[in-house]
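> Got a file for you: start06.pdb, PDB, C-alpha atoms and all ligand atoms.
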MODEL        1
ATOM      1  CA  ALA A   1       0.219 -22.070  -1.004
ATOM      2  CA  PRO A   2      -1.978 -24.569  -2.827
ATOM      3  CA  ALA A   3      -0.246 -26.662  -5.479
ATOM      4  CA  MET A   4      -1.192 -25.396  -8.922
ATOM      5  CA  SER A   5       0.050 -26.205 -12.379
ATOM      6  CA  TYR A   6      -0.820 -24.288 -15.493
ATOM      7  CA  GLU A   7       0.332 -23.918 -19.083
ATOM      8  CA  HIS A   8       0.766 -20.144 -19.400
ATOM      9  CA  ILE A   9       1.645 -19.100 -15.854
ATOM     10  CA  LEU A  10       3.784 -20.364 -12.980
ATOM     11  CA  VAL A  11       2.637 -20.190  -9.373
ATOM     12  CA  SER A  12       5.021 -20.486  -6.434
ATOM     13  CA  ASN A  13       5.403 -19.628  -2.756
ATOM     14  CA  PRO A  14       8.865 -18.008  -2.546
ATOM     15  CA  LYS A  15       8.385 -16.430   0.892
ATOM     16  CA  PRO A  16       6.105 -17.128   3.855
ATOM     17  CA  GLY A  17       2.588 -15.926   3.103
ATOM     18  CA  VAL A  18       3.435 -14.810  -0.430
ATOM     19  CA  GLY A  19       1.982 -16.227  -3.642
ATOM     20  CA  LEU A  20       4.013 -15.431  -6.759
ATOM     21  CA  VAL A  21       2.358 -15.622 -10.178
ATOM     22  CA  THR A  22       4.769 -15.446 -13.120
ATOM     23  CA  LEU A  23       3.310 -14.901 -16.586
ATOM     24  CA  ASN A  24       5.001 -17.497 -18.734
ATOM     25  CA  ARG A  25       4.408 -17.248 -22.488
ATOM     26  CA  PRO A  26       7.977 -16.220 -23.344
ATOM     27  CA  ARG A  27       7.662 -16.708 -27.104
ATOM     28  CA  ALA A  28       4.730 -14.268 -27.257
ATOM     29  CA  LEU A  29       6.254 -11.795 -24.759
ATOM     30  CA  ASN A  30       3.482 -12.816 -22.332
ATOM     31  CA  ALA A  31       0.729 -11.563 -24.652
ATOM     32  CA  LEU A  32      -2.532 -11.858 -22.723
ATOM     33  CA  SER A  33      -4.758 -14.433 -24.381
ATOM     34  CA  THR A  34      -8.071 -15.713 -23.072
ATOM     35  CA  PRO A  35      -6.521 -19.056 -21.993
ATOM     36  CA  LEU A  36      -3.804 -17.174 -20.087
ATOM     37  CA  PHE A  37      -6.332 -14.940 -18.388
ATOM     38  CA  LEU A  38      -8.530 -17.886 -17.384
ATOM     39  CA  GLU A  39      -5.501 -19.452 -15.697
ATOM     40  CA  LEU A  40      -4.514 -16.163 -14.073
ATOM     41  CA  ASN A  41      -8.026 -15.680 -12.686
ATOM     42  CA  ASP A  42      -8.117 -19.243 -11.410
ATOM     43  CA  ALA A  43      -4.746 -18.898  -9.663
ATOM     44  CA  LEU A  44      -5.629 -15.530  -8.123
ATOM     45  CA  LEU A  45      -8.949 -16.839  -6.825
ATOM     46  CA  LYS A  46      -7.237 -19.854  -5.240
ATOM     47  CA  LEU A  47      -4.589 -17.657  -3.611
ATOM     48  CA  ASN A  48      -7.327 -15.321  -2.429
ATOM     49  CA  GLN A  49      -9.051 -18.260  -0.712
ATOM     50  CA  ASP A  50      -5.862 -19.761   0.703
ATOM     51  CA  LYS A  51      -5.608 -19.005   4.435
ATOM     52  CA  ASP A  52      -1.803 -19.077   4.412
ATOM     53  CA  THR A  53      -1.464 -16.518   1.617
ATOM     54  CA  GLY A  54      -1.433 -12.901   2.771
ATOM     55  CA  ALA A  55      -0.260 -11.096  -0.364
ATOM     56  CA  ILE A  56       0.314 -11.804  -4.052
ATOM     57  CA  VAL A  57       2.992 -10.704  -6.524
ATOM     58  CA  ILE A  58       2.472 -10.802 -10.298
ATOM     59  CA  THR A  59       5.486 -10.585 -12.565
ATOM     60  CA  GLY A  60       6.624 -11.480 -16.086
ATOM     61  CA  SER A  61      10.119 -11.922 -17.515
ATOM     62  CA  ASN A  62      12.985  -9.456 -17.696
ATOM     63  CA  LYS A  63      12.020  -8.766 -21.329
ATOM     64  CA  ALA A  64       8.267  -8.419 -20.886
ATOM     65  CA  PHE A  65       5.746  -8.099 -18.100
ATOM     66  CA  ALA A  66       3.154  -8.467 -20.870
ATOM     67  CA  ALA A  67       3.286  -7.007 -24.397
ATOM     68  CA  GLY A  68      -0.471  -6.520 -24.543
ATOM     69  CA  ALA A  69      -3.617  -8.368 -25.346
ATOM     70  CA  ASP A  70      -2.988 -11.152 -27.854
ATOM     71  CA  ILE A  71      -3.269  -9.400 -31.208
ATOM     72  CA  LYS A  72      -3.565 -12.721 -33.035
ATOM     73  CA  GLU A  73      -6.664 -13.579 -30.985
ATOM     74  CA  MET A  74      -8.279 -10.166 -31.591
ATOM     75  CA  LYS A  75      -7.561  -9.450 -35.221
ATOM     76  CA  ASP A  76     -10.601 -11.221 -36.680
ATOM     77  CA  LEU A  77     -13.005 -10.360 -33.873
ATOM     78  CA  THR A  78     -16.257  -8.709 -34.976
ATOM     79  CA  PHE A  79     -18.276  -6.123 -33.105
ATOM     80  CA  SER A  80     -21.168  -8.556 -32.583
ATOM     81  CA  SER A  81     -19.017 -11.284 -31.151
ATOM     82  CA  ALA A  82     -17.004  -8.897 -28.928
ATOM     83  CA  TYR A  83     -20.243  -7.362 -27.678
ATOM     84  CA  THR A  84     -22.239 -10.531 -27.120
ATOM     85  CA  THR A  85     -19.373 -12.357 -25.378
ATOM     86  CA  ASP A  86     -18.450  -9.254 -23.336
ATOM     87  CA  PHE A  87     -14.903  -9.653 -24.616
ATOM     88  CA  ILE A  88     -12.376  -8.707 -21.904
ATOM     89  CA  GLU A  89     -14.935  -8.204 -19.149
ATOM     90  CA  LEU A  90     -13.693 -11.248 -17.273
ATOM     91  CA  TRP A  91     -10.183  -9.818 -17.469
ATOM     92  CA  SER A  92     -11.076  -7.281 -14.813
ATOM     93  CA  SER A  93     -11.510  -9.877 -12.086
ATOM     94  CA  PRO A  94      -8.054  -9.291 -10.534
ATOM     95  CA  THR A  95      -9.529  -6.063  -9.225
ATOM     96  CA  SER A  96     -13.129  -6.972  -8.624
ATOM     97  CA  GLN A  97     -12.729 -10.357  -6.947
ATOM     98  CA  ILE A  98      -9.330 -10.444  -5.251
ATOM     99  CA  LYS A  99      -9.391  -8.934  -1.770
ATOM    100  CA  LYS A 100      -5.770  -9.645  -0.860
ATOM    101  CA  PRO A 101      -3.116  -7.119  -1.888
ATOM    102  CA  ILE A 102      -1.489  -7.655  -5.280
ATOM    103  CA  ILE A 103       1.869  -6.130  -6.193
ATOM    104  CA  ALA A 104       2.978  -5.989  -9.834
ATOM    105  CA  ALA A 105       6.742  -6.306 -10.390
ATOM    106  CA  VAL A 106       7.114  -4.849 -13.871
ATOM    107  CA  ASN A 107      10.244  -5.386 -15.973
ATOM    108  CA  GLY A 108      10.474  -4.931 -19.744
ATOM    109  CA  TYR A 109       7.386  -4.261 -21.854
ATOM    110  CA  ALA A 110       4.052  -3.494 -20.181
ATOM    111  CA  LEU A 111       2.042  -2.407 -23.197
ATOM    112  CA  GLY A 112      -1.679  -2.171 -23.857
ATOM    113  CA  GLY A 113      -3.371  -4.888 -21.833
ATOM    114  CA  GLY A 114      -0.045  -5.463 -20.046
ATOM    115  CA  CYS A 115      -0.029  -1.888 -18.759
ATOM    116  CA  GLU A 116      -3.700  -2.312 -17.851
ATOM    117  CA  LEU A 117      -3.010  -5.538 -15.956
ATOM    118  CA  ALA A 118      -0.290  -3.749 -13.955
ATOM    119  CA  MET A 119      -2.779  -0.966 -13.177
ATOM    120  CA  MET A 120      -5.371  -3.523 -11.978
ATOM    121  CA  THR A 121      -2.999  -4.438  -9.146
ATOM    122  CA  ASP A 122      -2.706  -2.502  -5.899
ATOM    123  CA  ILE A 123       0.946  -1.455  -6.019
ATOM    124  CA  ILE A 124       3.297  -1.203  -9.002
ATOM    125  CA  TYR A 125       7.042  -1.690  -8.587
ATOM    126  CA  CYS A 126       9.133  -1.448 -11.736
ATOM    127  CA  SER A 127      12.733  -1.337 -12.839
ATOM    128  CA  SER A 128      14.378   1.265 -15.030
ATOM    129  CA  THR A 129      14.205  -1.335 -17.845
ATOM    130  CA  ALA A 130      10.392  -1.171 -17.844
ATOM    131  CA  THR A 131       8.568   0.275 -20.858
ATOM    132  CA  PHE A 132       4.943   1.192 -20.329
ATOM    133  CA  GLY A 133       2.449   2.337 -22.922
ATOM    134  CA  GLN A 134      -1.070   2.258 -24.290
ATOM    135  CA  PRO A 135      -0.307   1.758 -28.013
ATOM    136  CA  GLU A 136      -3.846   0.720 -29.010
ATOM    137  CA  ILE A 137      -4.394   3.854 -31.128
ATOM    138  CA  LYS A 138      -1.669   2.579 -33.461
ATOM    139  CA  LEU A 139      -3.768  -0.564 -34.026
ATOM    140  CA  GLY A 140      -6.925   1.393 -34.765
ATOM    141  CA  THR A 141      -8.456   0.829 -31.354
ATOM    142  CA  ILE A 142      -8.412   2.132 -27.773
ATOM    143  CA  PRO A 143      -7.563   0.723 -24.328
ATOM    144  CA  GLY A 144     -10.252  -1.803 -23.350
ATOM    145  CA  ALA A 145      -9.351  -3.021 -19.885
ATOM    146  CA  GLY A 146      -9.390   0.173 -17.853
ATOM    147  CA  GLY A 147      -6.398   2.006 -19.335
ATOM    148  CA  SER A 148      -8.222   5.232 -20.131
ATOM    149  CA  GLN A 149      -9.666   5.387 -16.610
ATOM    150  CA  ARG A 150      -6.824   4.124 -14.430
ATOM    151  CA  LEU A 151      -3.947   5.819 -16.258
ATOM    152  CA  THR A 152      -5.830   9.114 -16.115
ATOM    153  CA  ARG A 153      -6.437   8.779 -12.373
ATOM    154  CA  ALA A 154      -2.824   7.788 -11.785
ATOM    155  CA  ILE A 155      -0.931  10.414 -13.773
ATOM    156  CA  GLY A 156      -3.481  13.115 -14.600
ATOM    157  CA  LYS A 157      -5.569  13.908 -17.653
ATOM    158  CA  SER A 158      -3.125  15.836 -19.772
ATOM    159  CA  ARG A 159      -0.347  13.241 -19.590
ATOM    160  CA  ALA A 160      -2.740  10.301 -19.987
ATOM    161  CA  MET A 161      -4.468  11.955 -22.937
ATOM    162  CA  GLU A 162      -1.151  12.605 -24.656
ATOM    163  CA  LEU A 163      -0.003   9.006 -24.156
ATOM    164  CA  ILE A 164      -3.285   7.422 -25.243
ATOM    165  CA  LEU A 165      -3.707   9.675 -28.289
ATOM    166  CA  THR A 166      -0.119   9.309 -29.508
ATOM    167  CA  GLY A 167       0.437   5.693 -28.485
ATOM    168  CA  LYS A 168       3.907   6.695 -27.267
ATOM    169  CA  ASN A 169       5.643   4.561 -24.669
ATOM    170  CA  PHE A 170       6.939   5.866 -21.363
ATOM    171  CA  SER A 171       9.810   4.657 -19.211
ATOM    172  CA  GLY A 172       9.931   3.040 -15.803
ATOM    173  CA  LYS A 173      11.647   6.164 -14.531
ATOM    174  CA  GLU A 174       8.742   8.324 -15.750
ATOM    175  CA  ALA A 175       6.243   5.886 -14.218
ATOM    176  CA  GLY A 176       7.960   6.515 -10.886
ATOM    177  CA  GLU A 177       8.149  10.289 -11.279
ATOM    178  CA  TRP A 178       4.468  10.501 -12.241
ATOM    179  CA  GLY A 179       3.286   8.308  -9.369
ATOM    180  CA  LEU A 180       2.103   5.335 -11.446
ATOM    181  CA  ALA A 181       4.812   3.154  -9.887
ATOM    182  CA  ALA A 182       5.371   3.261  -6.139
ATOM    183  CA  ARG A 183       9.095   2.514  -6.504
ATOM    184  CA  VAL A 184      11.609   2.191  -9.341
ATOM    185  CA  PHE A 185      14.676  -0.056  -9.104
ATOM    186  CA  GLN A 186      17.818  -0.284 -11.220
ATOM    187  CA  GLU A 187      17.705  -3.996 -11.958
ATOM    188  CA  PRO A 188      14.824  -6.393 -12.722
ATOM    189  CA  GLU A 189      16.021  -8.871 -10.085
ATOM    190  CA  GLU A 190      15.975  -6.144  -7.436
ATOM    191  CA  CYS A 191      12.478  -5.102  -8.492
ATOM    192  CA  LEU A 192      11.108  -8.618  -8.016
ATOM    193  CA  GLU A 193      13.036  -9.169  -4.778
ATOM    194  CA  GLU A 194      11.732  -5.922  -3.275
ATOM    195  CA  ALA A 195       8.166  -6.713  -4.394
ATOM    196  CA  LEU A 196       8.435 -10.089  -2.655
ATOM    197  CA  LYS A 197       9.829  -8.448   0.497
ATOM    198  CA  THR A 198       6.991  -5.943   0.604
ATOM    199  CA  ALA A 199       4.481  -8.741   0.051
ATOM    200  CA  GLU A 200       6.089 -10.731   2.889
ATOM    201  CA  LEU A 201       5.871  -7.713   5.192
ATOM    202  CA  ILE A 202       2.184  -7.224   4.388
ATOM    203  CA  ALA A 203       1.508 -10.959   4.753
ATOM    204  CA  GLY A 204       2.832 -10.753   8.328
ATOM    205  CA  TYR A 205       0.176  -8.287   9.414
ATOM    206  CA  SER A 206      -3.371  -8.999  10.486
ATOM    207  CA  GLN A 207      -5.262 -10.369   7.469
ATOM    208  CA  VAL A 208      -8.419  -8.729   8.745
ATOM    209  CA  ALA A 209      -6.764  -5.307   8.919
ATOM    210  CA  VAL A 210      -4.988  -5.743   5.570
ATOM    211  CA  LYS A 211      -8.238  -6.639   3.834
ATOM    212  CA  ALA A 212      -9.959  -3.625   5.410
ATOM    213  CA  ALA A 213      -7.094  -1.302   4.463
ATOM    214  CA  LYS A 214      -7.226  -2.350   0.803
ATOM    215  CA  GLU A 215     -10.989  -1.994   0.791
ATOM    216  CA  VAL A 216     -11.016   1.558   2.163
ATOM    217  CA  VAL A 217      -8.193   2.816  -0.055
ATOM    218  CA  ASN A 218     -10.038   1.460  -3.096
ATOM    219  CA  LYS A 219     -13.214   3.211  -1.960
ATOM    220  CA  SER A 220     -11.390   6.508  -2.397
ATOM    221  CA  GLN A 221     -11.451   5.831  -6.140
ATOM    222  CA  ASP A 222     -15.252   5.603  -6.225
ATOM    223  CA  LEU A 223     -16.520   7.892  -3.461
ATOM    224  CA  GLY A 224     -16.220  11.595  -2.736
ATOM    225  CA  VAL A 225     -14.086  12.587   0.266
ATOM    226  CA  ARG A 226     -17.021  12.996   2.681
ATOM    227  CA  ASP A 227     -18.589   9.588   1.907
ATOM    228  CA  GLY A 228     -15.143   8.033   1.779
ATOM    229  CA  MET A 229     -14.247   9.326   5.246
ATOM    230  CA  GLU A 230     -17.505   8.005   6.648
ATOM    231  CA  TYR A 231     -16.917   4.614   5.044
ATOM    232  CA  GLU A 232     -13.396   4.543   6.449
ATOM    233  CA  ARG A 233     -14.620   5.371   9.950
ATOM    234  CA  ARG A 234     -17.241   2.592   9.892
ATOM    235  CA  VAL A 235     -14.666   0.014   8.813
ATOM    236  CA  PHE A 236     -12.207   1.404  11.394
ATOM    237  CA  HIS A 237     -14.869   0.979  14.095
ATOM    238  CA  SER A 238     -15.524  -2.592  12.979
ATOM    239  CA  LEU A 239     -11.867  -3.545  13.466
ATOM    240  CA  PHE A 240     -12.303  -3.110  17.232
ATOM    241  CA  GLY A 241     -14.156  -6.402  16.906
ATOM    242  CA  SER A 242     -11.042  -8.274  15.772
ATOM    243  CA  LYS A 243      -8.679 -10.253  18.024
ATOM    244  CA  ASP A 244      -5.714  -8.907  16.093
ATOM    245  CA  GLN A 245      -6.565  -5.366  17.179
ATOM    246  CA  LYS A 246      -6.532  -6.480  20.821
ATOM    247  CA  ILE A 247      -3.188  -8.228  20.375
ATOM    248  CA  GLY A 248      -1.729  -5.386  18.304
ATOM    249  CA  MET A 249      -2.632  -2.698  20.822
ATOM    250  CA  PHE A 250      -1.613  -4.801  23.825
ATOM    251  CA  TYR A 251       1.964  -4.741  22.492
ATOM    252  CA  PRO A 252       1.950  -1.247  21.037
ATOM    253  CA  ALA A 253       5.677  -0.879  20.283
ATOM    254  CA  SER A 254       5.936  -3.703  17.784
ATOM    255  CA  ILE A 255       3.237  -5.995  16.529
ATOM    256  CA  PRO A 256       4.334  -9.528  17.466
ATOM    257  CA  VAL A 257       3.591 -11.022  14.102
ATOM    258  CA  PRO A 258       3.484 -14.689  15.179
ATOM    259  CA  LEU A 259       0.769 -13.886  17.701
ATOM    260  CA  LEU A 260      -1.666 -12.508  15.159
ATOM    261  CA  THR A 261      -4.621 -14.810  14.856
ATOM    262  CA  LYS A 262      -6.099 -13.847  11.499
ATOM    263  CA  ASP A 263      -9.226 -13.194  13.513
TER     264      ASP A 263
HETATM  265  N1  LIG B   1       0.018 -10.194 -29.150
HETATM  266  C1  LIG B   1       0.432 -11.343 -29.743
HETATM  267  N2  LIG B   1       1.736 -11.637 -29.944
HETATM  268  C2  LIG B   1       2.635 -10.729 -29.555
HETATM  269  C3  LIG B   1       2.298  -9.510 -28.929
HETATM  270  C4  LIG B   1       0.901  -9.260 -28.732
HETATM  271  N3  LIG B   1       0.462  -8.166 -28.118
HETATM  272  N4  LIG B   1       3.410  -8.822 -28.656
HETATM  273  C5  LIG B   1       4.426  -9.574 -29.091
HETATM  274  N5  LIG B   1       3.986 -10.728 -29.628
HETATM  275  C6  LIG B   1       4.762 -11.823 -30.222
HETATM  276  C7  LIG B   1       5.283 -11.463 -31.598
HETATM  277  O1  LIG B   1       4.263 -11.671 -32.562
HETATM  278  C8  LIG B   1       6.445 -12.400 -31.753
HETATM  279  O2  LIG B   1       5.954 -13.685 -32.076
HETATM  280  P1  LIG B   1       6.457 -14.432 -33.431
HETATM  281  O3  LIG B   1       7.925 -14.593 -33.223
HETATM  282  O4  LIG B   1       5.676 -15.690 -33.445
HETATM  283  O5  LIG B   1       6.131 -13.484 -34.540
HETATM  284  C9  LIG B   1       7.007 -12.504 -30.344
HETATM  285  O6  LIG B   1       5.959 -12.061 -29.475
HETATM  286  C10 LIG B   1       8.224 -11.621 -30.135
HETATM  287  O7  LIG B   1       7.868 -10.287 -30.488
HETATM  288  P2  LIG B   1       8.795  -9.357 -31.419
HETATM  289  O8  LIG B   1       9.564 -10.204 -32.381
HETATM  290  O9  LIG B   1       7.928  -8.278 -31.983
HETATM  291  O10 LIG B   1       9.801  -8.770 -30.311
HETATM  292  P3  LIG B   1      10.579  -7.387 -30.384
HETATM  293  O11 LIG B   1      11.548  -7.410 -29.264
HETATM  294  O12 LIG B   1      11.084  -7.147 -31.769
HETATM  295  O13 LIG B   1       9.463  -6.259 -30.104
HETATM  296  C11 LIG B   1       7.577  -5.270 -28.960
HETATM  297  C12 LIG B   1       8.824  -6.163 -28.848
HETATM  298  C13 LIG B   1       7.996  -3.832 -29.272
HETATM  299  C14 LIG B   1       6.847  -5.331 -27.609
HETATM  300  C15 LIG B   1       6.646  -5.780 -30.077
HETATM  301  O14 LIG B   1       6.463  -7.169 -29.914
HETATM  302  C16 LIG B   1       5.299  -5.134 -30.119
HETATM  303  O15 LIG B   1       5.163  -3.988 -30.544
HETATM  304  N6  LIG B   1       4.220  -5.861 -29.671
HETATM  305  C17 LIG B   1       2.864  -5.401 -29.725
HETATM  306  C18 LIG B   1       2.615  -4.363 -28.655
HETATM  307  C19 LIG B   1       1.183  -3.894 -28.705
HETATM  308  O16 LIG B   1       0.738  -3.288 -29.658
HETATM  309  N7  LIG B   1       0.440  -4.147 -27.623
HETATM  310  C20 LIG B   1      -0.903  -3.698 -27.503
HETATM  311  C21 LIG B   1      -1.826  -4.721 -27.996
HETATM  312  S1  LIG B   1      -3.497  -4.093 -28.079
HETATM  313  C22 LIG B   1      -4.108  -4.319 -26.535
HETATM  314  O17 LIG B   1      -3.439  -4.714 -25.621
HETATM  315  C23 LIG B   1      -5.536  -3.985 -26.377
HETATM  316  C24 LIG B   1      -5.927  -3.987 -24.923
HETATM  317  C25 LIG B   1      -7.255  -4.566 -24.762
HETATM  318  C26 LIG B   1      -7.553  -4.944 -23.340
HETATM  319  C27 LIG B   1      -6.573  -5.891 -22.724
HETATM  320  C28 LIG B   1      -7.077  -6.424 -21.440
HETATM  321  C29 LIG B   1      -5.993  -6.823 -20.409
ENDMDL
END
Any chance you could give the structure as structure tokens?

Amino acid sequence: APAMSYEHILVSNPKPGVGLVTLNRPRALNALSTPLFLELNDALLKLNQDKDTGAIVITGSNKAFAAGADIKEMKDLTFSSAYTTDFIELWSSPTSQIKKPIIAAVNGYALGGGCELAMMTDIIYCSSTATFGQPEIKLGTIPGAGGSQRLTRAIGKSRAMELILTGKNFSGKEAGEWGLAARVFQEPEECLEEALKTAELIAGYSQVAVKAAKEVVNKSQDLGVRDGMEYERRVFHSLFGSKDQKIGMFYPASIPVPLLTKD
């Protein structure tokens, strides 16, 4: 992975093909400020461009994934300045610009913008210590970075409506039962370790196929089933043009990872 040094995040390469981004504002429980998000976007874009990186993991600390958008930064914001600067719009770039899979390893608080950041990723792993929530209503506001849309898609309207209207937190265990998190682990360390292992597994596959797989699954969120199926089929057809498909189907029992060409 490319060498990167930042003030509010740490970037490392703990396993082959895996970029790990650790939110690192411990004294503010990883509250998401504009400077933090600019660094996060920069790191994600660099990992996205890096040929040796096949998958990305985002995590926080054992106490907090991220306790929300930085309240101190927002408290004096006016409508005009939020509107004219498109406050928070750039925070959605983890989903719009990053084509490599991102796994969130969530331990501790994932509240407000922290919960939304987790939902911007492709797969959520959490531990039973995780606390999710969209508490914005308690601050006189509403989710602003996709919470009302993504939480509703993930866990259904009635549950999402209850959580967003009451501002009540929910547990890592509930996140697993409701399908927001793909897997729930006992301990934070296990959660991160398993996220890294999954990322390493994905990073070993054909980058062309992985990119296509993420793209078509995400299309299911925007298209109806008929258009989505057609889109999937077109992309499926296109993969017969890749070298990795030829290699992968020549050795059908097990894909010989080192032979994949990224082509
Ligand atoms: N913003 C700024 N600072 C924060 C935040 C935050 N969201 N959360 C915690 N901190 C700071 C505290 O101010 C404190 O700093 P200091 O010691 O300087 O006062 C430090 O982190 C430690 O926090 P606590 O002492 O409160 O720690 P506790 O263990 O007692 O409590 C809690 C932990 C329960 C998580 C508590 O800190 C809390 O309730 N935090 C606020 C949670 C919240 O309301 N989050 C939602 C914010 S609104 C939002 O996210 C809008 C989304 C808009 C879009 C976002 C796009 C991604």
> Kindly indicate which residue among A:Tyr6, A:Phe236, A:Phe79, A:Phe132 lies nearest to ligand LIG 1 (chain B), using all atoms listed in the file for the distances.
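Using all atoms listed in the file, the shortest distance to ligand LIG 1 (chain B) belongs to A:Phe132.
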> Report the residues retrieved by the PyMOL selection byres (((not hetatm)) within 9 of (chain B and resi 1)) from the displayed file, expressed as a PyMOL selection string.
chain A and resi 25-33+37+63-64+66-74+87-89+91-92+108-117+131+133-139+141-147
> Generate the output file for the selected residues, C-alpha atoms, as a PDB file, in the coordinates of the input.

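The result, written out as again_36.pdb:
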ATOM      1  CA  ARG A  25       4.408 -17.248 -22.488  1.00  0.00           C
ATOM      2  CA  PRO A  26       7.977 -16.220 -23.344  1.00  0.00           C
ATOM      3  CA  ARG A  27       7.662 -16.708 -27.104  1.00  0.00           C
ATOM      4  CA  ALA A  28       4.730 -14.268 -27.257  1.00  0.00           C
ATOM      5  CA  LEU A  29       6.254 -11.795 -24.759  1.00  0.00           C
ATOM      6  CA  ASN A  30       3.482 -12.816 -22.332  1.00  0.00           C
ATOM      7  CA  ALA A  31       0.729 -11.563 -24.652  1.00  0.00           C
ATOM      8  CA  LEU A  32      -2.532 -11.858 -22.723  1.00  0.00           C
ATOM      9  CA  SER A  33      -4.758 -14.433 -24.381  1.00  0.00           C
ATOM     10  CA  PHE A  37      -6.332 -14.940 -18.388  1.00  0.00           C
ATOM     11  CA  LYS A  63      12.020  -8.766 -21.329  1.00  0.00           C
ATOM     12  CA  ALA A  64       8.267  -8.419 -20.886  1.00  0.00           C
ATOM     13  CA  ALA A  66       3.154  -8.467 -20.870  1.00  0.00           C
ATOM     14  CA  ALA A  67       3.286  -7.007 -24.397  1.00  0.00           C
ATOM     15  CA  GLY A  68      -0.471  -6.520 -24.543  1.00  0.00           C
ATOM     16  CA  ALA A  69      -3.617  -8.368 -25.346  1.00  0.00           C
ATOM     17  CA  ASP A  70      -2.988 -11.152 -27.854  1.00  0.00           C
ATOM     18  CA  ILE A  71      -3.269  -9.400 -31.208  1.00  0.00           C
ATOM     19  CA  LYS A  72      -3.565 -12.721 -33.035  1.00  0.00           C
ATOM     20  CA  GLU A  73      -6.664 -13.579 -30.985  1.00  0.00           C
ATOM     21  CA  MET A  74      -8.279 -10.166 -31.591  1.00  0.00           C
ATOM     22  CA  PHE A  87     -14.903  -9.653 -24.616  1.00  0.00           C
ATOM     23  CA  ILE A  88     -12.376  -8.707 -21.904  1.00  0.00           C
ATOM     24  CA  GLU A  89     -14.935  -8.204 -19.149  1.00  0.00           C
ATOM     25  CA  TRP A  91     -10.183  -9.818 -17.469  1.00  0.00           C
ATOM     26  CA  SER A  92     -11.076  -7.281 -14.813  1.00  0.00           C
ATOM     27  CA  GLY A 108      10.474  -4.931 -19.744  1.00  0.00           C
ATOM     28  CA  TYR A 109       7.386  -4.261 -21.854  1.00  0.00           C
ATOM     29  CA  ALA A 110       4.052  -3.494 -20.181  1.00  0.00           C
ATOM     30  CA  LEU A 111       2.042  -2.407 -23.197  1.00  0.00           C
ATOM     31  CA  GLY A 112      -1.679  -2.171 -23.857  1.00  0.00           C
ATOM     32  CA  GLY A 113      -3.371  -4.888 -21.833  1.00  0.00           C
ATOM     33  CA  GLY A 114      -0.045  -5.463 -20.046  1.00  0.00           C
ATOM     34  CA  CYS A 115      -0.029  -1.888 -18.759  1.00  0.00           C
ATOM     35  CA  GLU A 116      -3.700  -2.312 -17.851  1.00  0.00           C
ATOM     36  CA  LEU A 117      -3.010  -5.538 -15.956  1.00  0.00           C
ATOM     37  CA  THR A 131       8.568   0.275 -20.858  1.00  0.00           C
ATOM     38  CA  GLY A 133       2.449   2.337 -22.922  1.00  0.00           C
ATOM     39  CA  GLN A 134      -1.070   2.258 -24.290  1.00  0.00           C
ATOM     40  CA  PRO A 135      -0.307   1.758 -28.013  1.00  0.00           C
ATOM     41  CA  GLU A 136      -3.846   0.720 -29.010  1.00  0.00           C
ATOM     42  CA  ILE A 137      -4.394   3.854 -31.128  1.00  0.00           C
ATOM     43  CA  LYS A 138      -1.669   2.579 -33.461  1.00  0.00           C
ATOM     44  CA  LEU A 139      -3.768  -0.564 -34.026  1.00  0.00           C
ATOM     45  CA  THR A 141      -8.456   0.829 -31.354  1.00  0.00           C
ATOM     46  CA  ILE A 142      -8.412   2.132 -27.773  1.00  0.00           C
ATOM     47  CA  PRO A 143      -7.563   0.723 -24.328  1.00  0.00           C
ATOM     48  CA  GLY A 144     -10.252  -1.803 -23.350  1.00  0.00           C
ATOM     49  CA  ALA A 145      -9.351  -3.021 -19.885  1.00  0.00           C
ATOM     50  CA  GLY A 146      -9.390   0.173 -17.853  1.00  0.00           C
ATOM     51  CA  GLY A 147      -6.398   2.006 -19.335  1.00  0.00           C
TER      52      GLY A 147
END
> Taking the file as shown, find all residues satisfying the PyMOL selection byres (((chain A and resi 99) around 7) and not hetatm) and write them as a list in words.
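Selected by the PyMOL selection byres (((chain A and resi 99) around 7) and not hetatm) in this file: Asn48, Gln97, Ile98, Lys100, Pro101 and Lys211 of chain A.
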> Enumerate, as a PyMOL selection string, the residues matched when the PyMOL selection byres (((chain A and resi 174) around 12) and not hetatm) is run on the file above.
chain A and resi 126-133+155+159+169-173+175-184
> Let me make sure I understand: among A:Ala195, A:Ala209, A:Ile58, A:Leu77, which one has the smallest atom-to-atom distance to Asn41 (chain A) if we use all atoms listed in the file?
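Using all atoms listed in the file, Asn41 (chain A) sits closest to A:Ile58.
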> Which residues come within 9 Å of region 238-244 of chain A, counting only C-alpha atoms, excluding same-chain residues fewer than 5 positions away, as a ChimeraX atom specification?
/A:205-209,212,233,249,259-263
> Give me a file of those residues, with C-alpha atoms, as a PDB file, keeping the file's coordinate frame.

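Once written, out10.pdb looks like this:
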ATOM      1  CA  TYR A 205       0.176  -8.287   9.414  1.00  0.00           C
ATOM      2  CA  SER A 206      -3.371  -8.999  10.486  1.00  0.00           C
ATOM      3  CA  GLN A 207      -5.262 -10.369   7.469  1.00  0.00           C
ATOM      4  CA  VAL A 208      -8.419  -8.729   8.745  1.00  0.00           C
ATOM      5  CA  ALA A 209      -6.764  -5.307   8.919  1.00  0.00           C
ATOM      6  CA  ALA A 212      -9.959  -3.625   5.410  1.00  0.00           C
ATOM      7  CA  ARG A 233     -14.620   5.371   9.950  1.00  0.00           C
ATOM      8  CA  MET A 249      -2.632  -2.698  20.822  1.00  0.00           C
ATOM      9  CA  LEU A 259       0.769 -13.886  17.701  1.00  0.00           C
ATOM     10  CA  LEU A 260      -1.666 -12.508  15.159  1.00  0.00           C
ATOM     11  CA  THR A 261      -4.621 -14.810  14.856  1.00  0.00           C
ATOM     12  CA  LYS A 262      -6.099 -13.847  11.499  1.00  0.00           C
ATOM     13  CA  ASP A 263      -9.226 -13.194  13.513  1.00  0.00           C
TER      14      ASP A 263
END
